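A.B. asks: The structure under discussion is supplied below as structure tokens; questions concerning it will follow.
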Amino acid sequence: MTKTTWQGDETEPAISSDMREQLRAASKTVQVDPSEIKLETKTLAGNVLFKNHRTVVFAMIDSEVLLPIPVVDRMTIGRVDHEAEQPVDVDLTPYGGREWGVSRRHATLYRTQHTLSLVDLKSSNGTYLNGVRLTPHQPRLLREGDEVRLGNMRFHIYFEE
């Protein structure tokens, strides 16, 4: 192994010519034929801008149910609990929320000026966005066409004016 030494006030260490050649050999560019690489591309999401929209539609998967939700700054999704101090804005009880594993205070829709985010409220059965479980209290942008799962209740998201 070659020993490197500092020379004066230089900011880089001096290296031997052998070490320099080893570095050059290791950093050579390799030509690749792009036609040999097979990459699967998949559009993960649609439009993220929510600025002119007033309503988000939860289209329940495997059902005819469409839930249009007029979105203000913050909307809590869950099930009604008559003893709770904080009511929910979107009650999924009539759609089998309890049976599908929706918590009383499951998630929040959070609107900014131009976007809409989903935040899990540390729900018992989790909140999923396109198959990925959300970390509680961390907002994730919603895009048109996304799949949201609250417990085992699944929806596709659409924006309306």
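Numbering starts fresh at 1 for the residues of each chain in the structure tokens, the chains themselves are lettered A, B, ... in the order given, and ligands are numbered from 1 as they appear.
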Considering only C-alpha atoms, return as a PyMOL selection string whatever protein or nucleic-acid residues lie within 12 Å of Gly126 of chain A, sequence-local ones (same chain, fewer than 5 positions apart) excluded.
C.D. replies: chain A and resi 78+100-103+105-107+119-121+131-137+148-154
A.B. asks: Which polymer residues have any atom within 12 Å of an atom of Glu144 of chain A, counting only C-alpha atoms, with same-chain residues fewer than 5 positions away left out, as number ranges by chain?
C.D. replies: A: 43-50, 53, 55-59, 115-117, 129-130, 155-160
A.B. asks: At what distance in Å, to one decimal, does atom CA of Asp89 of chain A lie from atom CA of Thr76 of chain A?
C.D. replies: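 Separation between atom CA of Thr76 of chain A and atom CA of Asp89 of chain A: 5.1 Å.
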A.B. asks: Which residue out of A:Ala14, A:Ala25, A:Met19, A:Leu66 has the minimum interatomic distance to Leu92 of chain A when only C-alpha atoms are used?
C.D. replies: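 Result for the nearest residue to Leu92 of chain A: A:Leu66.
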A.B. asks: If you measure from atom CA of Thr112 of chain A to atom CA of Met60 of chain A, what distance in Å do you get, rounded to one decimal?
C.D. replies: 24.5 Å
